[in-house]
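**Q** The following file, entry-v6.txt, comprises compact mmCIF, C-alpha atoms (C1' of nucleotides):
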```txt
# COMPACT_ATOMS: atom_id res chain seq x y z
CA MET A 1117 -48.57 17.30 24.10
CA LYS A 1118 -47.70 16.00 20.67
CA THR A 1119 -44.20 14.58 20.46
CA ASP A 1120 -41.82 15.54 17.69
CA LYS A 1121 -42.00 12.01 16.35
CA GLN A 1122 -45.76 12.11 16.18
CA LYS A 1123 -45.66 15.51 14.51
CA ARG A 1124 -43.23 14.28 11.86
CA LEU A 1125 -45.27 11.20 11.12
CA GLU A 1126 -48.55 13.05 10.97
CA ALA A 1127 -47.02 15.66 8.67
CA ALA A 1128 -46.12 12.74 6.43
CA GLY A 1129 -49.78 11.74 6.37
CA PHE A 1130 -49.92 9.14 9.09
CA LYS A 1131 -52.41 9.00 11.92
CA ILE A 1132 -52.09 7.55 15.39
CA GLY A 1133 -54.32 4.51 15.65
CA THR A 1134 -55.49 2.80 18.81
CA ALA A 1135 -52.25 0.83 19.06
CA ASP A 1136 -49.63 2.60 21.09
CA ASP A 1137 -45.97 2.18 20.44
CA PHE A 1138 -45.55 0.75 16.99
CA LEU A 1139 -43.98 4.15 16.52
CA LYS A 1140 -40.69 4.23 18.32
CA LEU A 1141 -41.88 5.98 21.44
CA THR A 1142 -39.81 5.94 24.58
CA PRO A 1143 -41.40 3.92 27.38
CA ALA A 1144 -42.31 7.17 29.13
CA GLU A 1145 -43.98 8.55 26.01
CA SER A 1146 -45.84 5.33 25.46
CA GLU A 1147 -47.14 5.27 29.02
CA LEU A 1148 -48.38 8.81 28.64
CA VAL A 1149 -50.16 8.16 25.34
CA THR A 1150 -51.86 5.07 26.74
CA LEU A 1151 -52.86 6.94 29.87
CA ARG A 1152 -54.50 9.68 27.81
CA LEU A 1153 -56.33 7.21 25.62
CA CYS A 1154 -57.77 5.16 28.44
CA LEU A 1155 -58.86 8.24 30.38
CA ALA A 1156 -60.56 9.69 27.29
CA HIS A 1157 -62.32 6.43 26.62
CA ASP A 1158 -63.48 6.07 30.19
CA VAL A 1159 -64.82 9.59 30.41
CA ARG A 1160 -67.08 8.80 27.48
CA ARG A 1161 -68.08 5.46 28.95
CA ARG A 1162 -68.94 7.06 32.30
CA ARG A 1163 -70.75 10.02 30.74
CA ILE A 1164 -72.97 7.73 28.71
CA ALA A 1165 -73.64 5.50 31.70
CA LEU A 1166 -74.93 8.63 33.46
CA HIS A 1167 -77.11 9.54 30.47
CA PHE A 1168 -75.29 12.82 30.15
CA THR A 1169 -74.81 14.65 26.88
CA GLN A 1170 -71.44 16.22 26.17
CA ALA A 1171 -73.12 19.55 26.87
CA ASP A 1172 -74.28 18.28 30.28
CA LEU A 1173 -70.78 17.25 31.26
CA ALA A 1174 -69.37 20.49 29.89
CA ARG A 1175 -71.75 22.52 32.05
CA ARG A 1176 -70.71 20.53 35.10
CA LEU A 1177 -67.07 21.23 34.31
CA GLY A 1178 -67.48 24.86 33.32
CA SER A 1179 -66.35 23.87 29.86
CA SER A 1180 -67.96 23.58 26.46
CA GLN A 1181 -69.47 20.80 24.35
CA SER A 1182 -66.80 21.12 21.72
CA ARG A 1183 -64.05 20.68 24.24
CA ILE A 1184 -65.66 17.54 25.61
CA ALA A 1185 -65.88 16.17 22.07
CA LYS A 1186 -62.17 16.83 21.65
CA LEU A 1187 -61.43 15.36 25.05
CA GLU A 1188 -63.26 12.12 24.29
CA ALA A 1189 -61.45 11.95 20.96
CA ALA A 1190 -58.18 12.30 22.91
CA GLU A 1191 -57.10 15.16 20.68
CA THR A 1192 -53.59 16.32 21.36
CA ASP A 1193 -54.54 19.76 22.62
CA VAL A 1194 -56.45 18.32 25.59
CA SER A 1195 -54.54 18.32 28.87
CA LEU A 1196 -54.39 15.59 31.46
CA ASP A 1197 -55.75 18.17 33.86
CA LEU A 1198 -58.97 18.41 31.89
CA LEU A 1199 -59.15 14.63 31.47
CA PHE A 1200 -58.90 14.07 35.22
CA ARG A 1201 -61.32 16.86 36.02
CA ALA A 1202 -63.77 15.25 33.62
CA MET A 1203 -63.33 11.87 35.29
CA PHE A 1204 -63.98 13.38 38.71
CA ALA A 1205 -66.92 15.36 37.33
CA THR A 1206 -68.54 12.08 36.38
CA GLY A 1207 -68.29 11.07 40.01
CA ALA A 1208 -65.20 8.90 39.71
CA LYS A 1209 -63.09 8.54 42.85
CA ARG A 1210 -59.33 8.14 43.00
CA ARG A 1211 -59.72 4.48 43.75
CA GLU A 1212 -61.60 3.86 40.52
CA VAL A 1213 -59.32 6.07 38.49
CA GLY A 1214 -56.29 4.35 39.94
CA ARG A 1215 -57.67 0.94 39.10
CA LEU A 1216 -58.34 2.07 35.55
CA ILE A 1217 -54.81 3.37 35.12
CA ALA A 1218 -53.23 0.32 36.71
CA ALA A 1219 -55.17 -2.09 34.51
CA VAL A 1220 -52.78 -3.62 32.03
CA MET B 526 -55.45 25.21 38.58
CA LYS B 527 -56.33 27.14 41.68
CA THR B 528 -60.01 27.08 42.51
CA ASP B 529 -61.95 30.24 43.26
CA LYS B 530 -62.41 29.10 46.83
CA GLN B 531 -58.71 28.55 47.30
CA LYS B 532 -57.99 31.94 45.75
CA ARG B 533 -60.42 33.64 48.09
CA LEU B 534 -59.02 31.95 51.16
CA GLU B 535 -55.43 32.60 50.23
CA ALA B 536 -56.23 36.23 49.54
CA ALA B 537 -57.53 36.34 53.10
CA GLY B 538 -54.18 35.07 54.33
CA PHE B 539 -54.77 31.35 54.54
CA LYS B 540 -52.56 28.65 53.12
CA ILE B 541 -53.41 25.16 51.95
CA GLY B 542 -51.85 22.66 54.31
CA THR B 543 -51.30 18.98 53.74
CA ALA B 544 -54.86 18.21 54.80
CA ASP B 545 -57.24 18.20 51.91
CA ASP B 546 -60.83 19.20 52.27
CA PHE B 547 -61.21 21.00 55.53
CA LEU B 548 -61.95 23.81 53.13
CA LYS B 549 -65.32 23.26 51.59
CA LEU B 550 -64.11 21.69 48.37
CA THR B 551 -66.45 19.74 46.17
CA PRO B 552 -65.64 16.04 46.06
CA ALA B 553 -64.22 16.49 42.56
CA GLU B 554 -61.98 19.35 43.70
CA SER B 555 -60.82 17.38 46.69
CA GLU B 556 -59.94 14.34 44.58
CA LEU B 557 -57.92 16.54 42.26
CA VAL B 558 -56.00 18.25 45.06
CA THR B 559 -55.18 14.94 46.70
CA LEU B 560 -54.11 13.48 43.37
CA ARG B 561 -51.70 16.35 42.77
CA LEU B 562 -50.25 16.10 46.26
CA CYS B 563 -49.60 12.40 46.15
CA LEU B 564 -48.05 12.56 42.70
CA ALA B 565 -45.78 15.41 43.74
CA HIS B 566 -44.73 13.55 46.85
CA ASP B 567 -44.05 10.35 44.95
CA VAL B 568 -41.98 12.04 42.27
CA ARG B 569 -39.68 13.28 45.01
CA ARG B 570 -39.60 9.90 46.71
CA ARG B 571 -38.76 8.14 43.44
CA ARG B 572 -36.20 10.74 42.39
CA ILE B 573 -34.34 10.41 45.68
CA ALA B 574 -34.49 6.61 45.51
CA LEU B 575 -32.72 6.89 42.15
CA HIS B 576 -30.09 9.23 43.62
CA PHE B 577 -31.10 11.89 41.13
CA THR B 578 -30.81 15.58 41.81
CA GLN B 579 -33.64 17.84 40.69
CA ALA B 580 -31.35 18.96 37.90
CA ASP B 581 -30.85 15.34 36.78
CA LEU B 582 -34.56 14.75 36.56
CA ALA B 583 -35.07 18.08 34.83
CA ARG B 584 -32.53 17.15 32.16
CA ARG B 585 -34.29 13.86 31.61
CA LEU B 586 -37.59 15.68 31.17
CA GLY B 587 -36.28 18.54 29.08
CA SER B 588 -37.23 20.84 31.93
CA SER B 589 -35.38 22.87 34.52
CA GLN B 590 -34.32 22.44 38.13
CA SER B 591 -36.56 25.24 39.30
CA ARG B 592 -39.59 23.66 37.70
CA ILE B 593 -38.89 20.35 39.40
CA ALA B 594 -38.63 22.15 42.72
CA LYS B 595 -42.04 23.70 42.08
CA LEU B 596 -43.42 20.38 40.95
CA GLU B 597 -42.31 18.59 44.11
CA ALA B 598 -43.77 21.43 46.15
CA ALA B 599 -47.06 20.90 44.26
CA GLU B 600 -47.23 24.57 43.40
CA THR B 601 -50.44 25.52 41.72
CA ASP B 602 -48.92 26.43 38.38
CA VAL B 603 -47.65 22.88 37.81
CA SER B 604 -49.84 20.81 35.52
CA LEU B 605 -50.85 17.20 35.93
CA ASP B 606 -49.20 16.64 32.56
CA LEU B 607 -45.83 17.59 34.01
CA LEU B 608 -46.47 15.56 37.14
CA PHE B 609 -47.21 12.43 35.16
CA ARG B 610 -44.33 12.98 32.77
CA ALA B 611 -42.07 13.30 35.79
CA MET B 612 -43.43 10.05 37.24
CA PHE B 613 -42.81 8.23 33.98
CA ALA B 614 -39.37 9.84 33.67
CA THR B 615 -38.43 8.19 36.96
CA GLY B 616 -39.30 4.87 35.35
CA ALA B 617 -42.75 4.45 36.86
CA LYS B 618 -45.19 2.30 34.89
CA ARG B 619 -48.93 2.78 34.70
CA ARG B 620 -49.46 -0.10 37.06
CA GLU B 621 -47.43 1.56 39.81
CA VAL B 622 -48.94 4.96 39.17
CA GLY B 623 -52.42 3.47 39.23
CA ARG B 624 -51.75 1.73 42.52
CA LEU B 625 -50.48 4.97 44.00
CA ILE B 626 -53.56 6.86 42.92
CA ALA B 627 -55.94 4.15 44.06
CA ALA B 628 -54.37 3.94 47.49
CA VAL B 629 -56.75 5.39 50.05
C1' DT C 811 -88.49 15.85 3.83
C1' DT C 812 -88.22 18.58 7.86
C1' DG C 813 -86.97 19.51 12.47
C1' DA C 814 -84.78 18.62 16.76
C1' DC C 815 -81.08 17.00 19.27
C1' DA C 816 -76.29 15.12 19.79
C1' DT C 817 -71.71 15.09 18.35
C1' DA C 818 -67.69 16.62 15.43
C1' DT C 819 -64.55 20.05 13.57
C1' DG C 820 -62.32 24.48 12.93
C1' DT C 821 -60.94 28.99 14.66
C1' DC C 822 -59.30 32.31 17.87
C1' DA C 823 -58.28 35.61 21.66
C1' DG C 824 -57.43 35.12 26.42
C1' DA C 825 -55.64 32.35 30.17
C1' DA C 826 -52.60 29.01 32.12
C1' DT C 827 -48.22 26.63 31.96
C1' DT C 828 -43.68 26.39 30.31
C1' DG C 829 -38.29 26.42 30.41
C1' DA C 830 -34.83 29.53 31.33
C1' DC C 831 -32.53 32.45 34.17
C1' DA C 832 -31.08 34.99 38.39
C1' DT C 833 -30.58 34.65 42.93
C1' DA C 834 -31.48 33.18 47.66
C1' DT C 835 -31.14 29.65 51.13
C1' DC C 836 -29.95 25.40 53.04
C1' DG C 837 -26.64 21.49 54.57
C1' DC C 838 -22.37 19.83 54.79
C1' DT C 839 -17.29 19.52 54.67
C1' DT C 840 -13.02 21.66 55.25
C1' DA D 1086 -15.80 31.18 58.26
C1' DA D 1087 -15.84 30.11 53.50
C1' DG D 1088 -16.87 27.16 49.70
C1' DC D 1089 -19.84 23.92 47.36
C1' DG D 1090 -23.61 21.28 45.75
C1' DA D 1091 -28.57 20.92 46.16
C1' DT D 1092 -32.88 23.02 46.58
C1' DA D 1093 -36.11 27.08 46.82
C1' DT D 1094 -38.19 31.30 45.06
C1' DG D 1095 -39.27 34.95 41.84
C1' DT D 1096 -39.74 36.71 37.15
C1' DC D 1097 -40.85 36.61 32.35
C1' DA D 1098 -41.52 35.86 27.29
C1' DA D 1099 -42.93 32.03 24.60
C1' DT D 1100 -45.67 28.17 24.09
C1' DT D 1101 -49.77 25.47 25.08
C1' DC D 1102 -54.40 24.98 26.53
C1' DT D 1103 -58.80 27.05 27.20
C1' DG D 1104 -63.89 28.20 26.59
C1' DA D 1105 -66.66 30.20 23.31
C1' DC D 1106 -68.52 30.32 19.04
C1' DA D 1107 -69.82 29.00 14.29
C1' DT D 1108 -70.93 25.46 11.66
C1' DA D 1109 -70.90 20.77 9.79
C1' DT D 1110 -72.39 16.08 10.25
C1' DG D 1111 -75.06 12.40 12.06
C1' DT D 1112 -79.43 10.19 13.89
C1' DC D 1113 -83.89 9.51 14.64
C1' DA D 1114 -88.77 10.50 14.79
C1' DA D 1115 -92.85 12.81 12.88
```
Can I see the file as structure tokens?
**A**
Amino acid sequence: MKTDKQKRLEAAGFKIGTADDFLKLTPAESELVTLRLCLAHDVRRRRIALHFTQADLARRLGSSQSRIAKLEAAETDVSLDLLFRAMFATGAKRREVGRLIAAV
Amino acid sequence: MKTDKQKRLEAAGFKIGTADDFLKLTPAESELVTLRLCLAHDVRRRRIALHFTQADLARRLGSSQSRIAKLEAAETDVSLDLLFRAMFATGAKRREVGRLIAAV
DNA sequence: TTGACATATGTCAGAATTGACATATCGCTT
DNA sequence: AAGCGATATGTCAATTCTGACATATGTCAA
């Protein structure tokens, strides 16, 4: 879900850093980018806390190690669906996920 | 993102109601279904509160009226990506979305 | 070094999701 | 009843996302 703006900038040689909206993203776009980043980060955090390898989590999800690597790197071809399924596959409940998302 | 179990049951003539896991869903599946339902419901609630028609919201999202109808009905071919983009397009912030998701 | 294990990166054909469109149905006013 | 605006439902070609695979890179111990 790469925006046109992101595509243009990346074509020009720029990369998205951890900061969010120093590019002129609409508020909605910015919220979405941040959401993806914090989910990706938390999947990794939770996976490691469980002493799972990426392959372990992939097996649990019916996915593959390479896709988990991309997911944790928040690559643009990873869907929110997969991110949430990964969260839930690490045992997260809605309450925890909600708290994560709500955190400023 | 229809699970095999859901597919089997629906093939046998059953329909998913508003209740969640009276079918034998794994906890992860159940969390995902509930998440989708409450997002879909809240998009409609927020849209109506803004006095938007489905077509209005669709325009704002670069989508179409029919897709918004499907989204609000939580049809299975609607992605979480679209659900979240719709939430943000109604002006929701992560904090509100998080609270919604965390709510029991 | 070598080997073993974990993670990263690139590719691709198949699957899922998309917006667009047509059309049906509903609710409401005249 | 007829007209109108809003919503629902079905279809489909194009786009996006997917798991699988190959392979590269990194890390650590023997």
**Q** For the point (-64.4, 20.1, 13.3) in the file's frame, write as a PDB file with C-alpha atoms (C1' of nucleotides), in the coordinates of the input all residues with an atom no more than 9 Å away, counting only C-alpha atoms (C1' of nucleotides).
**A**
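Okay, part.pdb is ready:
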```pdb
ATOM      1  CA  SER A1182     -66.800  21.120  21.720  1.00  0.00           C
TER       2      SER A1182
ATOM      3  C1'  DA C 818     -67.690  16.620  15.430  1.00  0.00           C
ATOM      4  C1'  DT C 819     -64.550  20.050  13.570  1.00  0.00           C
ATOM      5  C1'  DG C 820     -62.320  24.480  12.930  1.00  0.00           C
TER       6       DG C 820
ATOM      7  C1'  DT D1108     -70.930  25.460  11.660  1.00  0.00           C
ATOM      8  C1'  DA D1109     -70.900  20.770   9.790  1.00  0.00           C
TER       9       DA D1109
END
```
**Q** Emit as lines of an AutoDock Vina configuration file the padded axis-aligned box for all listed atoms of region 831-836 of chain C, 3 Å per side, with centre and edge lengths in Å to one decimal.
**A**
```
center_x = -31.2
center_y = 30.2
center_z = 43.6
size_x = 8.6
size_y = 15.6
size_z = 24.9
```
**Q** Counting only C-alpha atoms, which residue out of A:Leu1173, A:Val1149, A:Ala1144, A:Ala1202 sits closest to chain B?
**A**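 Comparing A:Leu1173, A:Val1149, A:Ala1144, A:Ala1202 against chain B, the winner is A:Ala1144.
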**Q** Select residues of chain B: the criterion is any atom within 9 Å of an atom of chain A, counting only C-alpha atoms; output as a PyMOL selection string.
**A** chain B and resi 526+552-554+556-557+559-560+604-606+609-610+612-629
**Q** Figure out the distance between C1' of DA1098 (chain D) and CA of Gln590 (chain B), please, to one decimal in Å.
**A**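 Rounded to one decimal, the two atoms are 18.7 Å apart.
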**Q** Tell me which protein, DNA and RNA residues are within 12 Å of DG1095 (chain D), counting all atoms listed in the file, leaving out same-chain ones fewer than 4 positions away, and put them as a compact mmCIF listing (two decimals) with C-alpha atoms (C1' of nucleotides), in the frame of the given file.
**A**
```txt
# COMPACT_ATOMS: atom_id res chain seq x y z
CA SER B 591 -36.56 25.24 39.30
CA LYS B 595 -42.04 23.70 42.08
C1' DC C 831 -32.53 32.45 34.17
C1' DA C 832 -31.08 34.99 38.39
C1' DT C 833 -30.58 34.65 42.93
C1' DA C 834 -31.48 33.18 47.66
```
**Q** Find, counting all atoms listed in the file, the residue in D:DC1102, D:DC1097, D:DA1115, D:DC1089 that gets nearest to Glu1191 (chain A).
**A**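 Under the stated criterion, the closest residue is D:DC1102.
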**Q** Quick one: which residues from chain B are at most 9 Å off chain C, using all atoms listed in the file, as a list of chain:residue names?
**A** B:Met526, B:Gly587, B:Ser588, B:Ser589, B:Arg592, B:Asp602, B:Val603, B:Ser604
**Q** Could you tell me how far CA of Glu597 (chain B) sits from CA of Arg570 (chain B), in Å to one decimal place?
**A**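 These atoms are spaced 9.5 Å apart.
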**Q** Please check the contacts: residues of chain D at most 8 Å away from chain B, using all atoms listed in the file, listed as a list in words.
**A**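 Only these qualify: DA1091, DT1092 and DA1093 of chain D.
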**Q** Quote the spacing between CA of Val1159 (chain A) and CA of Ala1190 (chain A) in Å to one decimal place.
**A**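 Spanning CA of Val1159 (chain A) to CA of Ala1190 (chain A) is a straight-line distance of 10.4 Å.
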